[in-house]
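Enquirer: Handing you this structure, nothing more for now.
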Amino acid sequence: GILALHASAVLHEGRTILFCGVSGSGKSSFARWATRCGAQALVDDIAPCTTTPTPVLLPRYPQLKWAQPLSIPDGAIGIDRIVFIERGAAALGVQSLPMADTRLRLIRHTVAARLFPRTLTSWHLDAVTELARSVPASRLSWPECANVAIPAQVAAALTELSKP
């Protein structure tokens with residue numbers, strides 16, 4: 001009953017944002033920079049979620065890459081936005097994604113999609129579909145830049161992504 005996404009997540013201005021992407025796309029880096037801009041780290045690398053009755057993140061999962069343990073309470077946290085990070089773009093940008101595109105991207109970024117037997121694969125695809133249907137998703141184009149420019153980029157993206 002747990003859907004494990006290859007993602008990092010932060011809490012910013014009361015909204016939970018999951019950052020999905022391929023290895024090296026900047027999920028963990030973006031989340032770390034977001035904490036410097038006032039966000040609270042929730043998970044890194046693996047984001048366990050449930051989709052019923054509503055999509056929630058289970059942030060106390062122990063597989064973390066960060067040196068310090070996260071000081072967040074046990075419990076489920078509602079998911080407000082899913083963001084697919086793409087590095088190397090010419091400019092910073094946020095684009096809303098349709099449900100069908102979100103579903104395909106989520107399938108690519110779930111941890112066990114290729115490991116499940118047929119019976120669990122059906123459940124897995126249903127859970128991904130429910131998550132895509134219930135939570136708005138965006139594509140974040142995050143350009144390569146000098147470290148000095150990163151805080152302003154992250155702050156601008158967080159402002160856009162934290163809007164209801």
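Ligands are numbered from 1 in the order shown, chains are lettered A, B, ... in the order of the structure tokens, and residues start at 1 in each chain.
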Using only C-alpha atoms, determine which residues lie at most 10 Å from Ala90 of chain A, disregarding the query and same-chain residues fewer than 5 positions distant; provide the list as a JSON list (two decimals) with C-alpha atoms, in the first residue's frame.
Expert:
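Resulting contents of around-v7.json:
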[["chain", "number", "residue", "atom", "x", "y", "z"],
["A", 141, "SER", "CA", 13.40, 23.97, -15.82],
["A", 142, "TRP", "CA", 16.44, 24.72, -13.69],
["A", 143, "PRO", "CA", 19.44, 26.14, -15.59],
["A", 144, "GLU", "CA", 23.04, 25.41, -14.77],
["A", 145, "CYS", "CA", 24.53, 28.53, -13.20]]
Enquirer: Would you list, as a ChimeraX atom specification, the residues of segment 7-163 of chain A that end up in helix (DSSP H, G or I) under DSSP run on this structure's backbone?
Expert: /A:27-36,99-108,118-134,147-161
Enquirer: Measuring atom to atom with only C-alpha atoms, identify which of A:Arg81, A:His109, A:His6, A:Arg118 is nearest to Leu158 of chain A.
Expert: A:Arg81
Enquirer: If we count only C-alpha atoms and set the cut-off at 10 Å, which residues sit around segment 44-51 of chain A, ignoring sequence neighbours fewer than 3 positions away in its own chain? Please answer as a PyMOL selection string.
Expert: chain A and resi 1-10+18-21+23+27-29+31-32+41+54-66+70+76-79+110-111+126-132+134
Enquirer: Please run DSSP on the backbone and report, as a ChimeraX atom specification, all residues within segment 22-106 of chain A that come out as strand (DSSP E or B).
Expert: /A:40-43,46-50,56-57,77-78,81-87,93-97
Enquirer: Interatomic distance between atom CA of Gln40 of chain A and atom CA of Ile85 of chain A?
Expert: 18.5 Å
Enquirer: Of the candidates A:Leu11, A:Ile17, A:Ala152, A:Leu120, which one gets nearest to Leu92 of chain A if we count only C-alpha atoms?
Expert: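 Of A:Leu11, A:Ile17, A:Ala152, A:Leu120, the one nearest Leu92 of chain A, counting only C-alpha atoms, is A:Ala152.
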Enquirer: Using Å and a single decimal, report how far atom CA of Ser25 of chain A sits from atom CA of Pro136 of chain A.
Expert: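 Answer for the atom CA of Pro136 of chain A to atom CA of Ser25 of chain A separation: 20.3 Å.
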Enquirer: A:Asn147, A:Ala91, A:Leu42, A:Leu104: which is nearest Gly75 of chain A, counting only C-alpha atoms?
Expert: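 Answer, going by the shortest atom-to-atom distance: A:Leu42.
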Enquirer: Grab the atom CA of Phe30 of chain A to atom CA of Ala100 of chain A distance for me, in Å with one decimal place.
Expert: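 Atom-to-atom, atom CA of Phe30 of chain A to atom CA of Ala100 of chain A, that is 25.2 Å.
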Enquirer: Compare A:His12, A:Arg139, A:Val94, A:Val43 by their minimum atom-to-atom distance to Gln153 of chain A, counting only C-alpha atoms, and give me the closest one.
Expert: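 For Gln153 of chain A, the nearest of the candidates is A:Val94.
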